[in-house]
Amino acid sequence: MGVVRILLPLPRAAARWAPEKGGPLLGAALSYCVTPSWAGLPPPSPARRLAWAEEAVAAYRATSDTAGLSRALALRAHALLLSGRFEEACGAADEATVAQAPQVDTAVGGSVGVPSEVSAAVGAFLGDVRAQALAGLGRAEDAVPVARASVAAYRRLPAPERRDRALGSLPGALRTYGMLLATTGRREESVAVYEECAALLAAMSLRELAHVERVRPQVLAELVGVLRASGRHEDALGVGPEAREALRGPLAWTVPETVLPLRVRLLVDLARCHTATGDPAEARACAQAAVAEARKPHGTRELTSALDCLADVLGELGQTDKESLARRELAELRDA
């Protein structure tokens, strides 16, 4: 991605002088920048992604490359989602859906009205983007059928081409679907979806996992949370070690803003499960680790839940002085 970014002035010049020929080249380069696929590297900021996606859309609009425009519009919708602009992301997804209407597919004799594989990949990706945007707007019930349709669309896709791997994945769509089912109280269904996703990820090669590296820790940590909420504490503790391992390594320093809150929530869930299964000492260890992680810059928004958990565990152990200190700090945080 770095080389492509450095060389962007060249396709930009080509697009200015010959839009029809240079536009697709610039659009492809910008789309590549928006969707870096190298594992272990920090991703571009949402603002940078959105700026590149907007430029790619403008470049493709000056050409007759409808497939490229469709892809760029989908990436723009995703960039808006990452920026937390959920209403705009929904609107952008609608625009992209219209743009990627059925195209001519020469593989079936040039029949008009048959979606190409590219438009099918874009359509599946847009469904996942729309589902997450609706969830961000607090419309989880509306998002559930959208997420279910996205999963079904990914299941129908053949093995993705290299350029399509950036357009989401079946594990990513399953994770969205599982999260939405949990949010709407359908926990057993959510567990089934998360477990299917975890099994799918476990069967992937290292090369395949490189394209979905952030999905695995999310799926495992969230599975522990849903199992705990369902009262399946032993099952949650069984997934715990794998989930903790998934939240270590390069991902922890490339995207700490994602990994650290997940790690705190996981440790809190494990502490609660250890309490429920009669192991207060292990519960205290997990709760103390959760508080320590939550004191780091990217974990601070989880500090209240971590302190609340620690206070409860200390109370169970009869350590009233330490419990009082934790509750005092918790009260100060809530009053702040």
# chains A, B, ... in the order shown; residues from 1 in each chain; ligands from 1
$ closest_atom_pairs --of "stretch 115-191 of chain A" --to "stretch 84-101 of chain A" --cutoff "8 Å" --atoms "only C-alpha atoms" --output "Markdown table"
| residue | atom | partner | partner_atom | distance |
| --- | --- | --- | --- | --- |
| A:Pro115 | CA | A:Ala101 | CA | 7.3 |
| A:Ser119 | CA | A:Gln100 | CA | 5.8 |
| A:Val122 | CA | A:Gln100 | CA | 7.6 |
| A:Gly123 | CA | A:Thr97 | CA | 6.8 |
| A:Leu126 | CA | A:Ala93 | CA | 6.0 |
| A:Val129 | CA | A:Ala93 | CA | 7.4 |
| A:Arg130 | CA | A:Cys90 | CA | 5.6 |
| A:Ala133 | CA | A:Phe86 | CA | 4.8 |
| A:Leu134 | CA | A:Phe86 | CA | 7.1 |
| A:Gly136 | CA | A:Phe86 | CA | 6.1 |
| A:Leu137 | CA | A:Phe86 | CA | 6.3 |
$ residues_around --residues "stretch 194-207 of chain A" --least-positions-apart "2" --cutoff "7 Å" --atoms "only C-alpha atoms" --output "PyMOL selection string"
chain A and resi 171+174-175+178+190-192+209-210+216+219-220+223
$ residues_around --residues "A:Ala152" --least-positions-apart "2" --cutoff "12 Å" --atoms "only C-alpha atoms" --output "PyMOL selection string"
chain A and resi 120-121+123-125+127-128+145-150+154-157+169-171+173-174+177
$ closest_residue --among "A:Leu25, A:Leu81, A:Ser45, A:Glu245" --to "A:Thr63" --atoms "only C-alpha atoms"
A:Leu25
$ residues_around --residues "A:Val264" --least-positions-apart "4" --cutoff "7 Å" --atoms "only C-alpha atoms" --output "ChimeraX atom specification"
/A:260,268,290,293-294,302
$ write_last_selection --atoms "N, CA and C atoms" --output "PDB file, in the first residue's frame"
ATOM      1  N   LEU A 260      -7.893  -3.512  22.927  1.00  0.00           N
ATOM      2  CA  LEU A 260      -7.873  -3.295  24.373  1.00  0.00           C
ATOM      3  C   LEU A 260      -9.276  -3.327  25.000  1.00  0.00           C
ATOM      4  N   VAL A 268     -13.477  -9.323  32.160  1.00  0.00           N
ATOM      5  CA  VAL A 268     -14.631  -9.143  33.051  1.00  0.00           C
ATOM      6  C   VAL A 268     -15.577 -10.330  32.928  1.00  0.00           C
ATOM      7  N   ALA A 290      -8.285  -7.060  34.329  1.00  0.00           N
ATOM      8  CA  ALA A 290      -9.200  -6.199  33.578  1.00  0.00           C
ATOM      9  C   ALA A 290      -9.013  -4.732  33.955  1.00  0.00           C
ATOM     10  N   GLU A 293      -5.727  -3.401  32.507  1.00  0.00           N
ATOM     11  CA  GLU A 293      -5.845  -3.124  31.072  1.00  0.00           C
ATOM     12  C   GLU A 293      -6.698  -1.883  30.823  1.00  0.00           C
ATOM     13  N   ALA A 294      -7.751  -1.714  31.625  1.00  0.00           N
ATOM     14  CA  ALA A 294      -8.652  -0.581  31.440  1.00  0.00           C
ATOM     15  C   ALA A 294      -8.008   0.748  31.816  1.00  0.00           C
ATOM     16  N   GLU A 302     -13.808   1.313  29.443  1.00  0.00           N
ATOM     17  CA  GLU A 302     -14.257   0.069  30.082  1.00  0.00           C
ATOM     18  C   GLU A 302     -13.879   0.023  31.566  1.00  0.00           C
TER      19      GLU A 302
END
$ residues_around --residues "stretch 273-284 of chain A" --least-positions-apart "5" --cutoff "8 Å" --atoms "only C-alpha atoms" --output "list in words"
Arg228, His233, Glu234, Ala236, Leu237, Leu310, Val313, Leu314, Glu316 and Leu317 of chain A
$ select_by_dssp --residues "stretch 65-197 of chain A" --states "helix (DSSP H, G or I)" --output "VMD selection string"
chain A and resid 66 to 82 86 to 99 106 to 108 117 to 136 140 to 156 162 to 164 170 to 183 187 to 197
